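Here is the file protein-v6.cif (mmCIF, C-alpha atoms).
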data_final
#
loop_
_atom_site.group_PDB
_atom_site.id
_atom_site.type_symbol
_atom_site.label_atom_id
_atom_site.label_comp_id
_atom_site.auth_asym_id
_atom_site.auth_seq_id
_atom_site.Cartn_x
_atom_site.Cartn_y
_atom_site.Cartn_z
ATOM 1 C CA MET O 1 247.830 -2.569 -118.131
ATOM 2 C CA VAL O 2 244.765 -4.381 -119.455
ATOM 3 C CA ASP O 3 244.119 -7.905 -118.166
ATOM 4 C CA PRO O 4 243.129 -9.723 -121.398
ATOM 5 C CA ARG O 5 241.004 -12.352 -119.668
ATOM 6 C CA ARG O 6 239.043 -9.798 -117.671
ATOM 7 C CA HIS O 7 238.625 -7.560 -120.727
ATOM 8 C CA TRP O 8 237.179 -10.284 -122.948
ATOM 9 C CA GLU O 9 234.998 -11.771 -120.222
ATOM 10 C CA GLN O 10 233.459 -8.329 -119.741
ATOM 11 C CA VAL O 11 232.901 -7.924 -123.492
ATOM 12 C CA TYR O 12 230.989 -11.196 -123.748
ATOM 13 C CA GLU O 13 229.119 -10.653 -120.483
ATOM 14 C CA THR O 14 227.696 -7.399 -121.840
ATOM 15 C CA LYS O 15 227.271 -8.137 -125.572
ATOM 16 C CA THR O 16 225.767 -10.908 -127.641
ATOM 17 C CA ALA O 17 227.778 -12.565 -130.397
ATOM 18 C CA ASP O 18 226.034 -10.615 -133.152
ATOM 19 C CA ALA O 19 226.522 -7.248 -131.412
ATOM 20 C CA VAL O 20 230.315 -7.087 -131.766
ATOM 21 C CA SER O 21 232.161 -5.556 -134.710
ATOM 22 C CA TRP O 22 233.805 -8.818 -135.793
ATOM 23 C CA PHE O 23 230.574 -10.818 -136.110
ATOM 24 C CA GLN O 24 230.111 -12.768 -139.348
ATOM 25 C CA ALA O 25 226.973 -14.769 -140.036
ATOM 26 C CA ARG O 26 229.017 -16.787 -142.527
ATOM 27 C CA PRO O 27 232.836 -16.422 -142.493
ATOM 28 C CA ASN O 28 233.231 -16.819 -146.249
ATOM 29 C CA THR O 29 236.944 -16.080 -146.634
ATOM 30 C CA SER O 30 237.930 -18.380 -143.779
ATOM 31 C CA LEU O 31 235.747 -21.172 -145.140
ATOM 32 C CA ALA O 32 237.208 -20.758 -148.630
ATOM 33 C CA PHE O 33 240.770 -20.921 -147.287
ATOM 34 C CA ILE O 34 239.913 -23.999 -145.225
ATOM 35 C CA ALA O 35 238.355 -25.686 -148.265
ATOM 36 C CA ASP O 36 241.495 -24.928 -150.290
ATOM 37 C CA SER O 37 243.552 -26.717 -147.616
ATOM 38 C CA GLU O 38 241.923 -30.004 -148.726
ATOM 39 C CA LEU O 39 241.707 -31.565 -145.284
ATOM 40 C CA SER O 40 240.148 -34.903 -144.544
ATOM 41 C CA PRO O 41 236.928 -34.612 -142.494
ATOM 42 C CA ASP O 42 238.625 -36.109 -139.420
ATOM 43 C CA ALA O 43 241.674 -33.813 -139.556
ATOM 44 C CA PRO O 44 242.300 -31.970 -136.256
ATOM 45 C CA VAL O 45 241.322 -28.301 -136.651
ATOM 46 C CA ILE O 46 241.682 -25.527 -134.064
ATOM 47 C CA ASP O 47 240.039 -22.102 -134.203
ATOM 48 C CA VAL O 48 242.215 -19.819 -132.075
ATOM 49 C CA GLY O 49 240.352 -16.957 -130.449
ATOM 50 C CA GLY O 50 237.205 -18.534 -131.818
ATOM 51 C CA GLY O 51 235.055 -17.142 -129.030
ATOM 52 C CA ALA O 52 231.425 -17.023 -130.118
ATOM 53 C CA SER O 53 232.314 -17.146 -133.840
ATOM 54 C CA THR O 54 230.007 -19.057 -136.170
ATOM 55 C CA LEU O 55 232.937 -20.747 -137.937
ATOM 56 C CA VAL O 56 232.525 -23.880 -135.829
ATOM 57 C CA ASP O 57 228.841 -24.148 -136.829
ATOM 58 C CA HIS O 58 229.729 -24.163 -140.500
ATOM 59 C CA LEU O 59 232.595 -26.636 -140.057
ATOM 60 C CA LEU O 60 230.258 -29.033 -138.253
ATOM 61 C CA ASP O 61 227.762 -28.633 -141.094
ATOM 62 C CA LEU O 62 230.535 -29.490 -143.564
ATOM 63 C CA GLY O 63 231.270 -32.744 -141.752
ATOM 64 C CA TYR O 64 234.455 -31.957 -139.824
ATOM 65 C CA THR O 65 234.660 -34.223 -136.793
ATOM 66 C CA ASN O 66 237.776 -33.155 -134.847
ATOM 67 C CA LEU O 67 237.205 -29.509 -133.996
ATOM 68 C CA SER O 68 238.683 -27.444 -131.173
ATOM 69 C CA VAL O 69 237.816 -23.857 -130.287
ATOM 70 C CA LEU O 70 240.225 -21.955 -128.044
ATOM 71 C CA ASP O 71 239.467 -18.650 -126.367
ATOM 72 C CA ILE O 72 240.605 -16.768 -123.292
ATOM 73 C CA SER O 73 236.974 -16.011 -122.423
ATOM 74 C CA ALA O 74 234.813 -18.759 -120.936
ATOM 75 C CA GLN O 75 231.779 -16.517 -121.487
ATOM 76 C CA ALA O 76 232.487 -16.339 -125.232
ATOM 77 C CA LEU O 77 232.638 -20.102 -125.504
ATOM 78 C CA ALA O 78 229.479 -20.411 -123.433
ATOM 79 C CA GLN O 79 227.667 -18.286 -126.038
ATOM 80 C CA ALA O 80 228.896 -20.577 -128.802
ATOM 81 C CA LYS O 81 227.832 -23.708 -126.923
ATOM 82 C CA ALA O 82 224.384 -22.291 -126.245
ATOM 83 C CA ARG O 83 223.921 -21.400 -129.903
ATOM 84 C CA LEU O 84 224.956 -24.886 -131.065
ATOM 85 C CA GLY O 85 222.825 -26.702 -128.528
ATOM 86 C CA ALA O 86 224.008 -29.426 -126.185
ATOM 87 C CA ALA O 87 224.265 -32.252 -128.711
ATOM 88 C CA ARG O 88 226.319 -30.336 -131.271
ATOM 89 C CA ALA O 89 228.433 -28.618 -128.619
ATOM 90 C CA ARG O 90 229.520 -32.020 -127.310
ATOM 91 C CA ARG O 91 231.148 -32.683 -130.696
ATOM 92 C CA VAL O 92 233.641 -29.831 -130.144
ATOM 93 C CA HIS O 93 236.664 -29.557 -127.838
ATOM 94 C CA TRP O 94 236.336 -26.268 -125.920
ATOM 95 C CA LEU O 95 239.592 -24.814 -124.577
ATOM 96 C CA VAL O 96 239.523 -21.850 -122.175
ATOM 97 C CA GLN O 97 243.138 -20.776 -122.492
ATOM 98 C CA ASP O 98 245.484 -17.929 -123.351
ATOM 99 C CA VAL O 99 246.976 -18.931 -126.702
ATOM 100 C CA THR O 100 250.375 -17.474 -125.804
ATOM 101 C CA ARG O 101 250.618 -20.175 -123.092
ATOM 102 C CA PHE O 102 248.939 -22.960 -125.027
ATOM 103 C CA VAL O 103 250.388 -26.474 -124.936
ATOM 104 C CA PRO O 104 248.412 -28.752 -127.273
ATOM 105 C CA SER O 105 247.256 -32.262 -126.441
ATOM 106 C CA GLN O 106 247.425 -33.235 -130.126
ATOM 107 C CA PRO O 107 249.075 -31.923 -133.321
ATOM 108 C CA TYR O 108 246.742 -29.932 -135.541
ATOM 109 C CA ALA O 109 246.346 -30.197 -139.290
ATOM 110 C CA LEU O 110 244.924 -26.673 -139.393
ATOM 111 C CA TRP O 111 245.308 -23.604 -137.182
ATOM 112 C CA HIS O 112 242.837 -20.777 -137.871
ATOM 113 C CA ASP O 113 243.015 -17.331 -136.275
ATOM 114 C CA ARG O 114 240.906 -14.356 -137.297
ATOM 115 C CA ALA O 115 240.743 -12.845 -133.823
ATOM 116 C CA VAL O 116 243.967 -12.853 -131.835
ATOM 117 C CA PHE O 117 247.179 -12.041 -133.637
ATOM 118 C CA HIS O 118 246.582 -8.366 -134.387
ATOM 119 C CA PHE O 119 245.965 -7.721 -130.669
ATOM 120 C CA LEU O 120 249.529 -8.837 -129.849
ATOM 121 C CA THR O 121 251.226 -5.458 -130.046
ATOM 122 C CA ASP O 122 254.509 -6.301 -128.321
ATOM 123 C CA GLU O 123 257.257 -8.580 -129.544
ATOM 124 C CA ALA O 124 257.234 -10.851 -126.481
ATOM 125 C CA ALA O 125 253.554 -11.690 -126.942
ATOM 126 C CA ARG O 126 254.008 -12.342 -130.667
ATOM 127 C CA SER O 127 256.982 -14.580 -129.953
ATOM 128 C CA ALA O 128 255.004 -16.572 -127.363
ATOM 129 C CA TYR O 129 252.143 -16.962 -129.844
ATOM 130 C CA LEU O 130 254.469 -18.228 -132.575
ATOM 131 C CA THR O 131 256.060 -20.673 -130.128
ATOM 132 C CA ALA O 132 252.620 -22.045 -129.271
ATOM 133 C CA LEU O 133 251.761 -22.276 -132.964
ATOM 134 C CA ARG O 134 254.943 -24.218 -133.744
ATOM 135 C CA ARG O 135 254.166 -26.599 -130.866
ATOM 136 C CA SER O 136 250.704 -27.145 -132.279
ATOM 137 C CA VAL O 137 250.849 -27.390 -136.076
ATOM 138 C CA ALA O 138 251.912 -30.710 -137.558
ATOM 139 C CA PRO O 139 254.481 -30.860 -140.384
ATOM 140 C CA GLY O 140 252.553 -30.322 -143.597
ATOM 141 C CA GLY O 141 249.807 -28.573 -141.632
ATOM 142 C CA THR O 142 248.039 -25.368 -142.589
ATOM 143 C CA VAL O 143 248.016 -22.011 -140.820
ATOM 144 C CA ILE O 144 245.344 -19.429 -141.650
ATOM 145 C CA VAL O 145 245.798 -16.042 -139.999
ATOM 146 C CA ALA O 146 243.725 -12.919 -140.577
ATOM 147 C CA THR O 147 244.558 -9.489 -139.172
ATOM 148 C CA PHE O 148 243.503 -5.933 -139.757
ATOM 149 C CA ALA O 149 245.069 -4.641 -142.971
ATOM 150 C CA THR O 150 247.320 -1.588 -143.050
ATOM 151 C CA ASP O 151 244.289 0.561 -143.869
ATOM 152 C CA GLY O 152 242.119 -1.196 -141.306
ATOM 153 C CA PRO O 153 241.172 -0.026 -137.811
ATOM 154 C CA THR O 154 243.899 1.024 -135.370
ATOM 155 C CA GLN O 155 241.821 -0.169 -132.411
ATOM 156 C CA CYS O 156 239.229 -2.845 -131.735
ATOM 157 C CA SER O 157 237.121 -3.310 -128.624
ATOM 158 C CA GLY O 158 239.019 -0.427 -127.033
ATOM 159 C CA LEU O 159 242.407 -2.113 -127.530
ATOM 160 C CA LYS O 160 245.239 -1.102 -129.840
ATOM 161 C CA VAL O 161 246.077 -3.453 -132.695
ATOM 162 C CA THR O 162 248.977 -4.028 -135.067
ATOM 163 C CA ARG O 163 248.060 -3.893 -138.754
ATOM 164 C CA TYR O 164 249.683 -5.989 -141.496
ATOM 165 C CA ASN O 165 249.836 -6.481 -145.209
ATOM 166 C CA ALA O 166 250.496 -9.945 -146.620
ATOM 167 C CA ASN O 167 254.259 -9.448 -146.796
ATOM 168 C CA THR O 168 254.768 -8.093 -143.280
ATOM 169 C CA LEU O 169 252.557 -10.816 -141.827
ATOM 170 C CA ASN O 170 254.258 -13.572 -143.807
ATOM 171 C CA ALA O 171 257.726 -12.404 -142.707
ATOM 172 C CA LEU O 172 256.951 -13.166 -139.064
ATOM 173 C CA PHE O 173 256.551 -16.887 -139.728
ATOM 174 C CA GLY O 174 259.940 -17.448 -141.337
ATOM 175 C CA SER O 175 261.169 -20.030 -143.817
ATOM 176 C CA GLU O 176 259.614 -22.903 -141.861
ATOM 177 C CA PHE O 177 256.272 -21.939 -143.401
ATOM 178 C CA GLU O 178 255.491 -21.702 -147.111
ATOM 179 C CA ARG O 179 253.129 -18.980 -148.262
ATOM 180 C CA MET O 180 250.255 -20.568 -150.170
ATOM 181 C CA ALA O 181 247.658 -17.816 -150.610
ATOM 182 C CA THR O 182 246.657 -14.332 -149.492
ATOM 183 C CA ALA O 183 243.440 -12.363 -149.654
ATOM 184 C CA ARG O 184 242.086 -8.963 -148.790
ATOM 185 C CA ASP O 185 238.682 -9.066 -147.134
ATOM 186 C CA MET O 186 236.383 -6.083 -146.620
ATOM 187 C CA HIS O 187 234.388 -6.992 -143.538
ATOM 188 C CA VAL O 188 231.080 -5.237 -142.975
ATOM 189 C CA THR O 189 230.276 -4.827 -139.277
ATOM 190 C CA PRO O 190 226.735 -5.361 -137.939
ATOM 191 C CA TRP O 191 226.225 -1.568 -138.062
ATOM 192 C CA GLY O 192 227.489 -1.179 -141.619
ATOM 193 C CA SER O 193 231.043 0.133 -141.286
ATOM 194 C CA ILE O 194 233.778 -1.484 -143.380
ATOM 195 C CA GLN O 195 237.010 -2.965 -141.998
ATOM 196 C CA ALA O 196 239.892 -4.147 -144.192
ATOM 197 C CA PHE O 197 241.473 -7.497 -143.274
ATOM 198 C CA THR O 198 244.581 -9.277 -144.544
ATOM 199 C CA TYR O 199 244.320 -13.079 -144.861
ATOM 200 C CA LEU O 200 247.301 -15.396 -145.161
ATOM 201 C CA ARG O 201 247.382 -19.157 -145.705
ATOM 202 C CA LEU O 202 250.641 -20.953 -144.959
ATOM 203 C CA ARG O 203 251.811 -24.531 -145.089
ATOM 204 C CA ARG O 204 254.334 -25.855 -142.574
ATOM 205 C CA ARG O 205 257.189 -27.493 -144.421
ATOM 206 C CA GLU O 206 257.715 -31.202 -143.733
#
Before we go any further, please render this structure as structure tokens.
Amino acid sequence: MVDPRRHWEQVYETKTADAVSWFQARPNTSLAFIADSELSPDAPVIDVGGGASTLVDHLLDLGYTNLSVLDISAQALAQAKARLGAARARRVHWLVQDVTRFVPSQPYALWHDRAVFHFLTDEAARSAYLTALRRSVAPGGTVIVATFATDGPTQCSGLKVTRYNANTLNALFGSEFERMATARDMHVTPWGSIQAFTYLRLRRRE
């Protein structure tokens, strides 16, 4: 059985942020969904599985002031900090944790995940993730989750994934969350292959 922490530490010890298939210089779909959520600049935002993603750079540029990035890999977060530089990195809360065991220190207005959920291939892991999400997202808060689409890759980084369309992904969250928007994103990897993603934006009912 693969140890997730060891796996992802090894990935980021051997590859730079722009040498992995999921790299995006500008995460356009995520940024559009976040903009549509109409958050105040000081709203608490968490990027789950954010790793070395550039999303945090763009959110800082847009004036968000309460940002957290969670990842199981300390090496991934170290890459992000180095890219931002010391001064900008100090403006972000960095959380080296397994999201399925995450207990938040504050409620979040927005939970973003483009990296984790499709790797949770067994029901127990998905249930633990959803429990952590419910602990974390404030009533009225937004959840943005992106996974590989049903015609997307069956594996990523040597690991099996579970693929979703908007309906199958939405069904996992239940009536507590209201579906607000969906999108299909065709991600182009750094080496030019195309991967289909499903995006879902939900609002937690108050």
Decode the PyMOL selection byres ((chain O and resi 109) around 12) for the given file into explicit residues and return them as an MDAnalysis selection string.
chainID O and resid 34 37:47 66:68 106:108 110:112 133:134 136:144 202:204
Could you expand the PyMOL selection byres ((chain O and resi 200) around 9) into the explicit residues it covers here, written as a PyMOL selection string?
chain O and resi 33+143-147+166+169-170+179-183+198-199+201-202
Go through the shown structure with the PyMOL selection byres ((chain O and resi 100) around 8) and write out the matching residues as a PDB file with C-alpha atoms, in the frame of the given file.
ATOM      1  CA  ASP O  98     245.484 -17.929-123.351  1.00  0.00           C
ATOM      2  CA  VAL O  99     246.976 -18.931-126.702  1.00  0.00           C
ATOM      3  CA  ARG O 101     250.618 -20.175-123.092  1.00  0.00           C
ATOM      4  CA  PHE O 102     248.939 -22.960-125.027  1.00  0.00           C
ATOM      5  CA  ALA O 125     253.554 -11.690-126.942  1.00  0.00           C
ATOM      6  CA  ARG O 126     254.008 -12.342-130.667  1.00  0.00           C
ATOM      7  CA  ALA O 128     255.004 -16.572-127.363  1.00  0.00           C
ATOM      8  CA  TYR O 129     252.143 -16.962-129.844  1.00  0.00           C
ATOM      9  CA  LEU O 130     254.469 -18.228-132.575  1.00  0.00           C
ATOM     10  CA  THR O 131     256.060 -20.673-130.128  1.00  0.00           C
ATOM     11  CA  ALA O 132     252.620 -22.045-129.271  1.00  0.00           C
TER      12      ALA O 132
END
What is the distance, in Å and to one decimal place, between atom CA of O:Phe197 and atom CA of O:Ala78?
26.5 Å
For O:Ser53, please output as a JSON list (two decimals) with C-alpha atoms, in the frame of the given file all residues within 12 Å (counting all atoms listed in the file; exclusion window: fewer than 6 positions along the same chain).
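And here's selection-v1.json as it stands now:
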[["chain", "number", "residue", "atom", "x", "y", "z"],
["O", 12, "TYR", "CA", 230.99, -11.20, -123.75],
["O", 16, "THR", "CA", 225.77, -10.91, -127.64],
["O", 17, "ALA", "CA", 227.78, -12.56, -130.40],
["O", 18, "ASP", "CA", 226.03, -10.62, -133.15],
["O", 19, "ALA", "CA", 226.52, -7.25, -131.41],
["O", 20, "VAL", "CA", 230.32, -7.09, -131.77],
["O", 21, "SER", "CA", 232.16, -5.56, -134.71],
["O", 22, "TRP", "CA", 233.80, -8.82, -135.79],
["O", 23, "PHE", "CA", 230.57, -10.82, -136.11],
["O", 24, "GLN", "CA", 230.11, -12.77, -139.35],
["O", 25, "ALA", "CA", 226.97, -14.77, -140.04],
["O", 26, "ARG", "CA", 229.02, -16.79, -142.53],
["O", 27, "PRO", "CA", 232.84, -16.42, -142.49],
["O", 30, "SER", "CA", 237.93, -18.38, -143.78],
["O", 47, "ASP", "CA", 240.04, -22.10, -134.20],
["O", 59, "LEU", "CA", 232.60, -26.64, -140.06],
["O", 69, "VAL", "CA", 237.82, -23.86, -130.29],
["O", 70, "LEU", "CA", 240.22, -21.96, -128.04],
["O", 71, "ASP", "CA", 239.47, -18.65, -126.37],
["O", 76, "ALA", "CA", 232.49, -16.34, -125.23],
["O", 77, "LEU", "CA", 232.64, -20.10, -125.50],
["O", 78, "ALA", "CA", 229.48, -20.41, -123.43],
["O", 79, "GLN", "CA", 227.67, -18.29, -126.04],
["O", 80, "ALA", "CA", 228.90, -20.58, -128.80],
["O", 81, "LYS", "CA", 227.83, -23.71, -126.92],
["O", 83, "ARG", "CA", 223.92, -21.40, -129.90],
["O", 84, "LEU", "CA", 224.96, -24.89, -131.06],
["O", 112, "HIS", "CA", 242.84, -20.78, -137.87],
["O", 113, "ASP", "CA", 243.02, -17.33, -136.28],
["O", 114, "ARG", "CA", 240.91, -14.36, -137.30],
["O", 115, "ALA", "CA", 240.74, -12.84, -133.82]]
